[in-house]
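S.K.: If it helps, the file is called structure.txt and holds compact mmCIF, C-alpha atoms and all ligand atoms:
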# COMPACT_ATOMS: atom_id res chain seq x y z
CA MET A 28 0.00 0.00 0.00
CA LEU A 29 1.43 3.33 -1.03
CA ARG A 30 0.23 6.79 -0.33
CA LEU A 31 -0.59 9.46 -2.85
CA SER A 32 0.73 12.42 -0.94
CA ARG A 33 -1.30 15.11 -2.60
CA ALA A 34 -3.62 15.93 -5.43
CA SER A 35 -4.89 19.18 -6.83
CA PHE A 36 -8.16 20.40 -8.19
CA PHE A 37 -9.49 23.54 -9.76
CA CYS A 38 -12.54 25.11 -8.26
CA ARG A 39 -14.36 28.38 -7.95
CA CYS A 40 -14.83 29.81 -4.49
CA LEU A 41 -17.32 32.48 -3.62
CA LEU A 42 -15.54 35.11 -1.58
CA SER A 43 -17.36 37.47 0.70
CA PRO A 44 -16.11 40.14 3.10
CA SER A 45 -16.32 37.64 5.97
CA ASN A 46 -14.52 34.93 3.99
CA GLN A 47 -11.55 36.51 2.36
CA SER A 48 -9.05 33.74 1.95
CA CYS A 49 -10.12 31.13 -0.46
CA GLY A 50 -9.79 27.44 0.13
CA VAL A 51 -8.12 27.35 3.53
CA THR A 52 -10.80 25.19 5.06
CA ALA A 53 -13.47 22.99 3.57
CA ASN A 54 -16.07 25.54 4.55
CA ALA A 55 -14.41 28.14 2.41
CA VAL A 56 -15.37 26.20 -0.69
CA SER A 57 -18.81 27.56 -0.93
CA GLY A 58 -21.42 28.22 -3.55
CA ARG A 59 -22.64 25.90 -6.25
CA ARG A 60 -19.27 24.29 -6.92
CA ALA A 61 -19.03 22.61 -3.54
CA THR A 62 -21.02 19.55 -4.63
CA ASP A 63 -18.90 19.11 -7.72
CA LEU A 64 -15.82 19.29 -5.58
CA GLN A 65 -17.04 16.45 -3.40
CA GLY A 66 -17.97 14.49 -6.51
CA VAL A 67 -14.48 14.77 -7.89
CA LEU A 68 -12.85 13.83 -4.61
CA ALA A 69 -15.12 10.82 -4.26
CA GLN A 70 -13.52 9.36 -7.39
CA TYR A 71 -10.29 8.88 -5.51
CA ASP A 72 -9.79 5.87 -3.30
CA GLY A 73 -8.62 7.71 -0.24
CA GLY A 74 -9.79 10.59 1.92
CA PHE A 75 -8.51 14.08 1.34
CA ASP A 76 -7.98 16.99 3.66
CA LEU A 77 -8.43 20.27 1.96
CA GLY A 78 -5.04 21.97 1.81
CA ARG A 79 -4.04 25.49 1.08
CA CYS A 80 -5.03 27.54 -1.92
CA LYS A 81 -2.05 27.39 -4.27
CA PHE A 82 -2.96 30.46 -6.25
CA GLY A 83 -5.96 32.51 -6.98
CA GLY A 84 -7.35 34.47 -9.87
CA GLY A 85 -9.92 37.22 -9.39
CA PRO A 86 -9.30 39.05 -6.16
CA GLY A 87 -6.71 36.47 -5.12
CA GLU A 88 -5.72 34.92 -1.87
CA GLY A 89 -5.81 37.29 1.08
CA ALA A 90 -6.99 40.23 -1.07
CA ALA A 91 -9.56 42.61 0.33
CA VAL A 92 -13.02 41.69 -0.87
CA GLU A 93 -15.72 44.28 -0.91
CA LYS A 94 -18.57 42.30 -2.29
CA LYS A 95 -19.20 38.70 -3.17
CA GLU A 96 -16.75 37.73 -5.90
CA TRP A 97 -15.82 34.48 -7.59
CA CYS A 98 -12.25 33.39 -7.35
CA GLU A 99 -10.64 30.71 -9.53
CA CYS A 100 -8.11 28.69 -7.66
CA ARG A 101 -6.26 25.46 -7.54
CA LEU A 102 -6.59 23.72 -4.23
CA LEU A 103 -4.12 21.18 -2.96
CA PHE A 104 -5.44 18.21 -1.05
CA THR A 105 -3.53 15.96 1.25
CA GLN A 106 -4.64 12.37 1.16
CA THR A 107 -5.34 10.84 4.54
CA LYS A 108 -6.11 7.23 3.65
CA PRO A 109 -3.70 4.88 1.89
CA ALA A 110 -4.43 4.09 -1.75
CA ILE A 111 -3.00 1.41 -4.01
CA LEU A 112 -0.83 3.10 -6.56
CA SER A 113 1.84 2.00 -8.96
CA HIS A 114 4.17 4.87 -8.11
CA THR A 115 6.18 5.62 -5.04
CA GLU A 116 5.18 8.51 -2.84
CA GLU A 117 8.34 10.32 -3.80
CA THR A 118 7.62 10.07 -7.53
CA MET A 119 4.11 11.39 -7.13
CA ARG A 120 5.23 14.34 -5.07
CA GLU A 121 7.78 15.45 -7.64
CA PHE A 122 5.82 14.63 -10.77
CA PRO A 123 4.22 17.72 -12.38
CA LEU A 124 0.78 17.61 -13.94
CA THR A 125 0.56 16.47 -17.53
CA LEU A 126 -1.23 18.70 -20.03
CA THR A 127 -4.21 16.34 -20.07
CA GLN A 128 -4.46 16.17 -16.28
CA PHE A 129 -4.23 19.92 -16.03
CA VAL A 130 -6.91 20.59 -18.64
CA ILE A 131 -9.29 18.04 -17.11
CA GLN A 132 -8.82 19.58 -13.67
CA SER A 133 -9.33 23.10 -15.01
CA GLN A 134 -12.42 21.94 -16.82
CA ALA A 135 -14.00 20.80 -13.56
CA ALA A 136 -14.58 24.48 -12.78
CA TYR A 137 -16.90 24.80 -15.78
CA PRO A 138 -20.29 23.15 -15.41
CA GLY A 139 -21.40 21.60 -18.67
CA ALA A 140 -17.88 21.22 -20.12
CA THR A 141 -17.87 18.19 -22.41
CA GLY A 142 -14.17 17.42 -22.49
CA GLU A 143 -14.03 18.32 -26.17
CA PHE A 144 -11.73 21.26 -25.56
CA SER A 145 -9.28 19.22 -23.50
CA SER A 146 -9.12 16.67 -26.27
CA LEU A 147 -8.59 19.43 -28.84
CA LEU A 148 -5.62 20.70 -26.87
CA THR A 149 -4.17 17.20 -26.72
CA GLN A 150 -4.39 17.10 -30.52
CA ILE A 151 -2.47 20.39 -30.72
CA GLY A 152 0.11 18.72 -28.51
CA LEU A 153 0.23 15.80 -30.94
CA VAL A 154 0.87 18.13 -33.88
CA GLY A 155 3.67 19.68 -31.83
CA LYS A 156 5.23 16.26 -31.26
CA LEU A 157 5.03 15.38 -34.97
CA ILE A 158 6.67 18.64 -36.03
CA ALA A 159 9.27 18.56 -33.26
CA GLN A 160 10.23 15.05 -34.33
CA ASP A 161 10.78 16.18 -37.93
CA LEU A 162 12.73 19.25 -36.80
CA ARG A 163 15.10 17.20 -34.68
CA ARG A 164 16.36 15.35 -37.76
CA ALA A 165 15.51 17.92 -40.45
CA GLY A 166 19.07 18.14 -41.77
CA LEU A 167 19.17 14.37 -42.30
CA ILE A 168 15.88 13.65 -44.05
CA ASN A 169 15.82 16.16 -46.90
CA ILE A 170 13.11 18.44 -45.54
CA LEU A 171 15.09 21.69 -45.52
CA GLY A 172 14.86 24.30 -48.27
CA THR A 173 11.90 25.35 -50.34
CA THR A 174 9.12 23.58 -52.23
CA GLY A 175 9.43 25.94 -55.20
CA ASP A 176 5.95 27.35 -54.58
CA THR A 177 4.74 30.67 -53.19
CA ASN A 178 1.82 30.86 -50.78
CA VAL A 179 -1.25 33.11 -50.82
CA GLN A 180 0.82 35.77 -49.02
CA GLY A 181 3.30 35.78 -51.91
CA GLU A 182 5.97 34.23 -49.68
CA THR A 183 8.31 31.38 -50.61
CA VAL A 184 7.02 28.13 -49.14
CA LYS A 185 9.56 26.10 -47.21
CA LYS A 186 9.22 22.33 -47.25
CA LEU A 187 8.70 22.50 -43.51
CA ASP A 188 5.87 25.06 -43.92
CA ALA A 189 4.05 22.54 -46.09
CA ILE A 190 4.80 19.58 -43.79
CA ALA A 191 3.65 21.47 -40.69
CA ASN A 192 0.47 22.59 -42.44
CA ASP A 193 -0.26 19.01 -43.53
CA ASP A 194 0.29 17.79 -39.97
CA PHE A 195 -2.30 20.25 -38.62
CA VAL A 196 -4.84 19.38 -41.30
CA ARG A 197 -4.27 15.61 -41.04
CA VAL A 198 -4.64 15.58 -37.26
CA PHE A 199 -7.62 17.90 -37.08
CA GLN A 200 -9.70 16.70 -39.97
CA SER A 201 -10.13 13.39 -38.23
CA SER A 202 -10.18 14.70 -34.66
CA GLY A 203 -13.92 15.25 -34.50
CA HIS A 204 -13.40 18.53 -32.63
CA VAL A 205 -13.40 21.16 -35.36
CA CYS A 206 -15.72 22.14 -38.18
CA ALA A 207 -13.34 24.51 -39.99
CA LEU A 208 -9.60 25.05 -40.34
CA ALA A 209 -7.89 28.15 -41.69
CA SER A 210 -4.16 28.54 -42.11
CA GLU A 211 -1.65 31.13 -43.20
CA GLU A 212 -0.50 28.58 -45.79
CA MET A 213 -3.92 27.88 -47.34
CA GLU A 214 -5.73 30.33 -49.58
CA LYS A 215 -9.15 29.02 -48.51
CA PRO A 216 -10.29 27.44 -45.26
CA VAL A 217 -10.98 23.73 -45.03
CA PHE A 218 -14.59 22.99 -44.00
CA LEU A 219 -15.18 19.49 -42.82
CA PRO A 220 -17.91 17.73 -44.80
CA GLY A 221 -21.26 17.64 -43.00
CA ASN A 222 -21.26 13.84 -42.84
CA TRP A 223 -17.73 13.77 -41.38
CA PRO A 224 -17.17 13.75 -37.60
CA HIS A 225 -16.82 17.38 -36.63
CA GLY A 226 -17.08 19.55 -33.54
CA LYS A 227 -17.98 23.06 -32.44
CA TYR A 228 -14.55 24.65 -32.71
CA MET A 229 -12.87 26.49 -35.58
CA LEU A 230 -9.08 26.45 -35.64
CA LEU A 231 -6.97 29.17 -37.24
CA PHE A 232 -3.23 28.62 -37.29
CA ASP A 233 0.21 29.59 -38.45
CA PRO A 234 1.63 26.08 -38.87
CA LEU A 235 5.28 27.14 -38.82
CA ASP A 236 6.31 30.51 -37.51
CA GLY A 237 9.78 31.86 -38.25
CA SER A 238 10.25 29.90 -41.48
CA SER A 239 13.43 31.80 -42.33
CA ASN A 240 15.01 29.89 -39.44
CA THR A 241 14.36 26.40 -40.81
CA ASP A 242 17.63 25.90 -42.62
CA ASN A 243 19.91 27.02 -39.83
CA ASN A 244 18.67 25.20 -36.75
CA MET A 245 17.18 28.29 -35.14
CA PRO A 246 13.95 28.43 -33.09
CA LEU A 247 10.59 27.92 -34.76
CA GLY A 248 7.03 27.93 -33.56
CA ALA A 249 3.38 27.41 -34.44
CA ILE A 250 0.51 29.66 -33.38
CA PHE A 251 -3.15 28.75 -32.95
CA SER A 252 -6.39 30.60 -32.34
CA ILE A 253 -9.62 28.84 -31.40
CA LEU A 254 -13.11 30.15 -32.11
CA LYS A 255 -16.43 28.57 -31.28
CA TYR A 256 -19.14 28.02 -33.84
CA ASP A 257 -22.54 27.86 -32.21
CA ARG A 258 -24.82 26.84 -35.06
CA THR A 259 -25.63 23.19 -35.52
CA ASP A 260 -27.88 23.44 -38.59
CA ARG A 261 -25.03 24.08 -41.04
CA LEU A 262 -21.27 24.45 -41.38
CA PRO A 263 -19.68 27.91 -41.03
CA THR A 264 -18.94 30.10 -44.00
CA GLU A 265 -15.58 31.79 -44.61
CA ALA A 266 -17.04 35.08 -43.35
CA GLU A 267 -17.92 33.42 -40.03
CA LEU A 268 -14.24 32.60 -39.45
CA ILE A 269 -13.23 36.24 -39.77
CA ARG A 270 -13.79 37.64 -36.30
CA ARG A 271 -12.33 40.08 -33.83
CA GLY A 272 -9.64 38.78 -31.48
CA THR A 273 -11.92 39.33 -28.49
CA GLU A 274 -14.03 36.43 -29.75
CA GLN A 275 -11.26 33.86 -29.37
CA VAL A 276 -12.10 31.21 -26.78
CA ALA A 277 -8.50 30.08 -26.55
CA ALA A 278 -5.12 30.73 -28.11
CA GLY A 279 -1.62 29.43 -27.80
CA TYR A 280 1.65 28.55 -29.38
CA LEU A 281 4.12 25.74 -29.75
CA LEU A 282 7.76 26.71 -29.42
CA TYR A 283 10.42 24.50 -30.92
CA GLY A 284 13.53 25.74 -29.16
CA SER A 285 16.08 23.92 -27.09
CA SER A 286 12.99 22.24 -25.68
CA THR A 287 9.50 21.98 -27.13
CA MET A 288 6.84 23.94 -25.28
CA LEU A 289 3.10 24.42 -25.50
CA VAL A 290 1.80 27.67 -24.02
CA TYR A 291 -1.91 28.46 -24.01
CA THR A 292 -4.71 30.48 -22.48
CA VAL A 293 -8.46 30.04 -22.30
CA GLY A 294 -8.82 33.56 -20.93
CA GLN A 295 -8.00 32.50 -17.36
CA GLY A 296 -4.25 33.10 -17.24
CA VAL A 297 -1.40 31.67 -19.26
CA TYR A 298 0.10 28.23 -18.68
CA GLY A 299 3.22 26.71 -20.18
CA PHE A 300 4.04 23.03 -20.64
CA THR A 301 7.38 21.53 -21.58
CA LEU A 302 7.55 18.34 -23.61
CA GLU A 303 9.34 15.63 -21.64
CA PRO A 304 10.80 13.66 -24.57
CA GLY A 305 11.44 10.54 -22.50
CA ILE A 306 7.72 9.92 -21.97
CA GLY A 307 6.25 12.01 -24.80
CA GLU A 308 4.11 14.07 -22.41
CA TYR A 309 3.80 17.82 -21.95
CA LEU A 310 4.31 18.63 -18.27
CA LEU A 311 3.26 21.80 -16.49
CA SER A 312 6.43 23.87 -16.17
CA HIS A 313 5.20 27.49 -16.17
CA GLU A 314 2.16 28.17 -13.99
CA ARG A 315 0.24 31.41 -14.45
CA ILE A 316 2.84 33.28 -16.46
CA LYS A 317 3.01 37.02 -15.69
CA ILE A 318 4.90 39.40 -17.95
CA PRO A 319 6.90 42.10 -16.14
CA ASP A 320 5.30 45.53 -16.44
CA LYS A 321 8.44 46.92 -18.03
CA GLY A 322 11.36 45.20 -19.69
CA LYS A 323 14.87 45.88 -20.93
CA VAL A 324 14.72 44.16 -24.29
CA TYR A 325 13.40 45.14 -27.71
CA ALA A 326 12.89 42.74 -30.59
CA THR A 327 12.53 44.06 -34.13
CA ASN A 328 13.96 43.73 -37.62
CA GLU A 329 15.90 46.98 -37.56
CA GLY A 330 16.96 46.45 -41.16
CA ASN A 331 13.61 48.03 -42.02
CA TYR A 332 14.49 51.27 -40.19
CA SER A 333 14.58 53.50 -43.26
CA LYS A 334 11.03 52.41 -44.20
CA TRP A 335 9.50 53.39 -40.85
CA SER A 336 7.65 56.56 -39.87
CA GLU A 337 9.44 59.27 -37.87
CA GLY A 338 7.53 58.32 -34.70
CA ILE A 339 8.79 54.75 -34.79
CA LYS A 340 12.33 55.86 -35.57
CA LYS A 341 12.20 58.23 -32.59
CA TYR A 342 10.86 55.46 -30.35
CA LEU A 343 13.70 53.14 -31.35
CA GLY A 344 16.15 55.97 -30.70
CA SER A 345 14.67 56.47 -27.22
CA LEU A 346 15.41 52.84 -26.31
CA LYS A 347 19.08 53.34 -27.07
CA VAL A 348 19.60 56.38 -24.85
CA ASN A 349 22.10 55.74 -22.07
CA ASP A 350 20.13 56.53 -18.88
CA LYS A 351 20.63 54.17 -15.98
CA ALA A 352 17.72 55.63 -13.99
CA THR A 353 15.16 54.53 -16.61
CA GLY A 354 16.86 51.23 -17.41
CA ARG A 355 18.22 52.32 -20.77
CA PRO A 356 19.69 51.43 -23.18
CA TYR A 357 17.55 48.39 -23.89
CA SER A 358 19.18 45.27 -25.31
CA GLY A 359 18.27 44.26 -28.84
CA ARG A 360 17.28 40.58 -29.22
CA TYR A 361 15.62 39.37 -32.43
CA SER A 362 15.35 35.77 -33.53
CA GLY A 363 13.20 36.13 -36.66
CA CYS A 364 10.56 33.97 -34.98
CA LEU A 365 7.65 35.84 -33.38
CA VAL A 366 6.88 32.94 -31.06
CA ALA A 367 10.43 32.74 -29.71
CA ASP A 368 10.72 36.50 -29.33
CA VAL A 369 7.37 36.87 -27.55
CA HIS A 370 8.15 33.87 -25.34
CA ARG A 371 11.31 35.63 -24.18
CA LEU A 372 9.30 38.77 -23.44
CA LEU A 373 6.59 36.88 -21.58
CA LEU A 374 9.18 35.59 -19.16
CA GLY A 375 11.49 38.61 -18.96
CA GLY A 376 9.59 41.63 -20.26
CA GLY A 377 10.19 44.09 -23.08
CA ILE A 378 8.65 44.81 -26.47
CA TYR A 379 8.39 43.12 -29.88
CA LEU A 380 7.55 45.38 -32.76
CA TYR A 381 6.80 44.73 -36.40
CA PRO A 382 5.56 48.16 -37.50
CA GLY A 383 3.88 49.09 -40.73
CA GLU A 384 6.09 50.84 -43.26
CA VAL A 385 5.47 54.21 -44.88
CA ASP A 386 4.72 52.42 -48.18
CA LYS A 387 3.13 49.35 -46.55
CA PRO A 388 1.17 50.63 -43.54
CA GLU A 389 -0.56 47.30 -42.95
CA GLY A 390 2.71 45.72 -41.82
CA LYS A 391 3.66 42.09 -42.30
CA LEU A 392 2.14 39.94 -39.59
CA ARG A 393 -1.21 38.26 -40.00
CA LEU A 394 -4.06 39.41 -37.78
CA LEU A 395 -5.94 36.11 -37.48
CA TYR A 396 -3.06 33.64 -37.27
CA GLU A 397 -0.36 35.64 -35.48
CA ALA A 398 -1.38 38.97 -33.91
CA ASN A 399 -4.73 37.94 -32.35
CA PRO A 400 -3.59 34.74 -30.65
CA MET A 401 -0.34 36.28 -29.40
CA ALA A 402 -2.28 39.35 -28.19
CA LEU A 403 -4.69 37.20 -26.17
CA ILE A 404 -1.79 35.38 -24.54
CA VAL A 405 0.15 38.53 -23.73
CA GLU A 406 -2.93 40.34 -22.37
CA GLN A 407 -3.75 37.32 -20.23
CA ALA A 408 -0.22 37.50 -18.85
CA GLY A 409 -0.77 41.17 -17.94
CA GLY A 410 0.84 42.77 -21.00
CA LYS A 411 -0.44 44.73 -24.00
CA ALA A 412 -0.76 44.31 -27.75
CA SER A 413 -1.40 47.28 -30.00
CA THR A 414 -1.36 48.36 -33.64
CA GLY A 415 0.26 51.55 -32.38
CA THR A 416 -3.11 53.27 -32.24
CA SER A 417 -5.57 50.64 -31.04
CA ARG A 418 -5.89 47.36 -29.18
CA ILE A 419 -5.10 44.39 -31.44
CA LEU A 420 -7.97 42.31 -30.07
CA GLU A 421 -10.46 44.95 -31.17
CA VAL A 422 -9.23 45.36 -34.73
CA GLU A 423 -12.07 44.70 -37.13
CA ALA A 424 -11.16 41.65 -39.18
CA LYS A 425 -12.24 42.03 -42.78
CA LYS A 426 -10.39 39.26 -44.58
CA LEU A 427 -8.78 35.97 -43.76
CA HIS A 428 -5.19 36.88 -44.55
CA GLN A 429 -5.35 40.44 -43.25
CA ARG A 430 -2.08 41.97 -42.05
CA VAL A 431 -1.59 44.33 -39.13
CA PRO A 432 1.24 46.31 -37.48
CA LEU A 433 2.14 44.78 -34.12
CA PHE A 434 3.57 46.22 -30.90
CA ILE A 435 3.39 43.63 -28.15
CA GLY A 436 4.91 42.97 -24.75
CA SER A 437 5.18 44.67 -21.36
CA ARG A 438 2.39 47.17 -20.65
CA HIS A 439 4.69 50.14 -20.00
CA ASP A 440 6.82 49.50 -23.09
CA VAL A 441 3.86 49.19 -25.46
CA GLU A 442 2.30 52.35 -24.02
CA GLN A 443 5.58 54.21 -24.59
CA ALA A 444 5.68 53.05 -28.21
CA GLU A 445 2.09 54.25 -28.68
CA LEU A 446 3.03 57.71 -27.37
CA TYR A 447 5.77 58.07 -29.99
CA ILE A 448 3.67 56.65 -32.83
CA GLN A 449 0.81 58.99 -32.01
CA GLY A 450 3.19 61.96 -31.83
CA ARG A 451 2.56 62.47 -28.09
CA ALA A 452 6.17 61.96 -26.94
P1 LIG A 501 6.21 33.15 -40.86
O1 LIG A 501 7.45 32.34 -40.79
O2 LIG A 501 5.00 32.43 -40.31
O3 LIG A 501 5.95 33.74 -42.22
O4 LIG A 501 6.34 34.36 -39.82
C1 LIG A 501 7.49 35.12 -39.80
C2 LIG A 501 7.18 36.35 -39.03
C3 LIG A 501 7.56 36.32 -37.59
O5 LIG A 501 7.67 35.08 -36.99
C4 LIG A 501 8.88 37.02 -37.52
O6 LIG A 501 9.00 37.73 -36.33
C5 LIG A 501 8.86 37.91 -38.70
O7 LIG A 501 7.88 37.43 -39.59
C6 LIG A 501 10.17 37.89 -39.38
O8 LIG A 501 10.11 38.75 -40.44
P2 LIG A 501 11.43 39.41 -41.02
O9 LIG A 501 12.18 38.30 -41.69
O10 LIG A 501 10.93 40.42 -41.98
O11 LIG A 501 12.19 40.00 -39.88
MN MN A 502 4.41 33.45 -38.54
MN MN A 503 4.20 30.60 -40.96
Could I get this structure in the form of structure tokens?
M.R.:
Amino acid sequence: MLRLSRASFFCRCLLSPSNQSCGVTANAVSGRRATDLQGVLAQYDGGFDLGRCKFGGGPGEGAAVEKKEWCECRLLFTQTKPAILSHTEETMREFPLTLTQFVIQSQAAYPGATGEFSSLLTQIGLVGKLIAQDLRRAGLINILGTTGDTNVQGETVKKLDAIANDDFVRVFQSSGHVCALASEEMEKPVFLPGNWPHGKYMLLFDPLDGSSNTDNNMPLGAIFSILKYDRTDRLPTEAELIRRGTEQVAAGYLLYGSSTMLVYTVGQGVYGFTLEPGIGEYLLSHERIKIPDKGKVYATNEGNYSKWSEGIKKYLGSLKVNDKATGRPYSGRYSGCLVADVHRLLLGGGIYLYPGEVDKPEGKLRLLYEANPMALIVEQAGGKASTGTSRILEVEAKKLHQRVPLFIGSRHDVEQAELYIQGRA
């Protein structure tokens, strides 16, 4: 007989002025979720004492509460009865949650959740594993270089762009979770036939981000945006895929760097998972990522300097001023892969900018596949994403492959950039 030393569970606590710290005692788990909580615990063969609240969303642990407010939190439970397990106590204590475990636990906080979303995320993870596997041996299996084609954006298609796009389509058209797929690499969306197993989600993606890095073993990524389609009487049209960023129900990215990571948000914070290659599982490695309010790094392709407006040139100049008191000069760090650059900023702060040019004001990056999903993630981590004049998530989407200027990262840094662009600094 071995003991499972602890387990965790997501729940929603109702906080009131007389009950300000969430989840410290069983009584603190109040409101309509209490029954569900007991239901989940009953599935385990062993009693549990309610432990401390590991972290809280909403007003947070110990925060002053003025009225009744819901608080999302993960509670830790200590098991009091022995249970028969195939792992040692030590292993269980050290072993982080897998992506699937984490999503299922998070889902318990949403009454009526069907499990479809958690399965969808697992399929994204699968795509990540397929691509990561190819990337690890890319130089050996003749998948570097170009296909000889250009895509709908007029860009040269790398063999790996095409392979990554095929992986997404292959996995998702038989997943049963989506009804439509749209990709940076496909001129038109793929709508699953009505008689084919399909689900309520629509997936928009950049299958391989940072394609110029493929041939030199530099970081790459993939970006995804998930929308929900509510009608059941017919499949969506192309126009129904073209929505504002605020309508995303989830977004995330895969990062193929020195390790493979999956980072995502469902609008309740940002969570990062690292692929443990030995067991082929994504394990929770970055809980509730928060971007610093101000950074010391800027990421941009400065080769485009002469094409930028005066405001942007002045902003760049301001980052290079030597002024210790305001943390300047900033360091320049640019990988050529939006995912890798934004990942760095999420963890350490700073700004990524791909501005419009005087002769190409729409910029380069794609609103639906790149800017919107990255903006949702960065906002959920406490940062900002702007076109220079407005919030990315509120940009009106008019066409599938629409481009947009992007300024994204720490709140203070993006606000500074906006001041210069708008001629207010
Ligand atoms: P993609 O490889 O999907 O076309 O995206 C490339 C994007 C982005 O990842 C990167 O930051 C930027 O374009 C690089 O562009 P430049 O080569 O112009 O710097
Ligand atoms: Mn891209
Ligand atoms: Mn791409």
S.K.: Please extract the residues at most 7 Å from ligand LIG 501 (chain A), counting all atoms listed in the file, and provide them as a VMD selection string, using the chain letters and residue numbers of this document.
M.R.: chain A and resid 233 235 to 239 328 363 to 366 391 to 392
S.K.: Kindly work out which residues sit at most 12 Å from ligand MN 502 (chain A), using all atoms listed in the file, and give the list as a PyMOL selection string.
M.R.: chain A and resi 180+182+188+210-212+232-240+247-251+280-282+363-369+381+391-401+428+430
S.K.: So what do you get for CA of Phe195 (chain A) versus CA of Ala209 (chain A), distance-wise?
M.R.: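 Going from CA of Phe195 (chain A) over to CA of Ala209 (chain A) covers 10.2 Å.
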S.K.: My list of candidates is A:Thr287, A:Gln150, A:Asn178, A:Gln160. Which is closest to ligand MN 503 (chain A) when distances are computed with all atoms listed in the file?
M.R.: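 Using all atoms listed in the file, the shortest distance to ligand MN 503 (chain A) belongs to A:Asn178.
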S.K.: Between A:Val385, A:Leu157, A:Leu433, A:Ile269, single out the one closest to Ser336 (chain A), counting all atoms listed in the file.
M.R.: A:Val385
S.K.: How big is the axis-aligned box around the listed atoms of region 215-224 of chain A once 3 Å is added on each side, and where is its centre? Give both in Å to one decimal, as AutoDock Vina command-line options.
M.R.:
--center_x -15.2 --center_y 21.4 --center_z -43.1 --size_x 18.1 --size_y 21.3 --size_z 16.9
S.K.: I'd like the contact shell of Ala444 (chain A) - 10 Å cut-off, all atoms listed in the file, skipping same-chain residues fewer than 5 positions apart - returned as a ChimeraX atom specification.
M.R.: /A:338-339,341-343,345-346,378,380,413,415-416,434-435,439,449-452
S.K.: When you count all atoms listed in the file, which of these residues is closest to ligand MN 503 (chain A): A:Met229, A:Val198, A:Val422, A:Ala191?
M.R.: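 For ligand MN 503 (chain A), the nearest of the given residues is A:Ala191.
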S.K.: Can you tell me how far CA of Phe199 (chain A) sits from CA of Met213 (chain A), in Å to one decimal?
M.R.: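 For CA of Phe199 (chain A) relative to CA of Met213 (chain A), the distance reads 14.8 Å.
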S.K.: Using only C-alpha atoms and all ligand atoms for the distances, tell me which of A:Thr241, A:Asn222, A:Thr141, A:Gln200 is nearest to ligand MN 503 (chain A).
M.R.: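 Comparing A:Thr241, A:Asn222, A:Thr141, A:Gln200 against ligand MN 503 (chain A), the winner is A:Thr241.
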S.K.: Within 12 Å of (-9.0, 31.0, -26.5) (file coordinates; all atoms listed in the file), which protein or nucleic acid residues are there? I'd like them as a ChimeraX atom specification.
M.R.: /A:144,147-148,228-231,250-255,272-280,290-297,399-404,406-407,420
S.K.: Mind checking which residues fall within 10 Å of Lys334 (chain A), counting only C-alpha atoms, ignoring those fewer than 6 positions away in the same chain, and posting them as JSON, numbers by chain?
M.R.: {"A": [340, 382, 383, 384, 385, 386, 387]}
S.K.: Please produce a file of the residues just selected, as a PDB file, in the coordinates of the input, where the atoms kept are C-alpha atoms.
M.R.:
ATOM      1  CA  LYS A 340      12.330  55.860 -35.570  1.00  0.00           C
ATOM      2  CA  PRO A 382       5.560  48.160 -37.500  1.00  0.00           C
ATOM      3  CA  GLY A 383       3.880  49.090 -40.730  1.00  0.00           C
ATOM      4  CA  GLU A 384       6.090  50.840 -43.260  1.00  0.00           C
ATOM      5  CA  VAL A 385       5.470  54.210 -44.880  1.00  0.00           C
ATOM      6  CA  ASP A 386       4.720  52.420 -48.180  1.00  0.00           C
ATOM      7  CA  LYS A 387       3.130  49.350 -46.550  1.00  0.00           C
TER       8      LYS A 387
END
S.K.: As a list in words, please: the residues near Thr301 (chain A) (cut-off 8 Å, only C-alpha atoms, same-chain neighbours under 2 positions excluded).
M.R.: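 Close residues of Thr301 (chain A): Ser286, Thr287, Met288, Leu289, Gly299, Glu303, Tyr309, Leu310, Leu311 and Ser312 of chain A.
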S.K.: Any chance you could build region 419-426 of chain A out to N, CA and C atoms and write it as a tab-separated table (two decimals), keeping the file's coordinate frame?
M.R.:
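Below you can see result27.tsv, which holds the result:
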chain	number	residue	atom	x	y	z
A	419	ILE	N	-5.05	45.42	-30.39
A	419	ILE	CA	-5.10	44.39	-31.44
A	419	ILE	C	-6.40	43.60	-31.39
A	420	LEU	N	-6.79	43.20	-30.19
A	420	LEU	CA	-7.97	42.31	-30.07
A	420	LEU	C	-9.26	42.96	-30.54
A	421	GLU	N	-9.24	44.29	-30.71
A	421	GLU	CA	-10.46	44.95	-31.17
A	421	GLU	C	-10.39	45.38	-32.64
A	422	VAL	N	-9.33	45.01	-33.31
A	422	VAL	CA	-9.23	45.36	-34.73
A	422	VAL	C	-10.32	44.61	-35.49
A	423	GLU	N	-11.01	45.34	-36.35
A	423	GLU	CA	-12.07	44.70	-37.13
A	423	GLU	C	-11.43	43.84	-38.23
A	424	ALA	N	-11.73	42.56	-38.18
A	424	ALA	CA	-11.16	41.65	-39.18
A	424	ALA	C	-12.05	41.66	-40.41
A	425	LYS	N	-11.44	41.94	-41.56
A	425	LYS	CA	-12.24	42.03	-42.78
A	425	LYS	C	-11.93	40.91	-43.75
A	426	LYS	N	-10.71	40.40	-43.70
A	426	LYS	CA	-10.39	39.26	-44.58
A	426	LYS	C	-9.45	38.30	-43.87
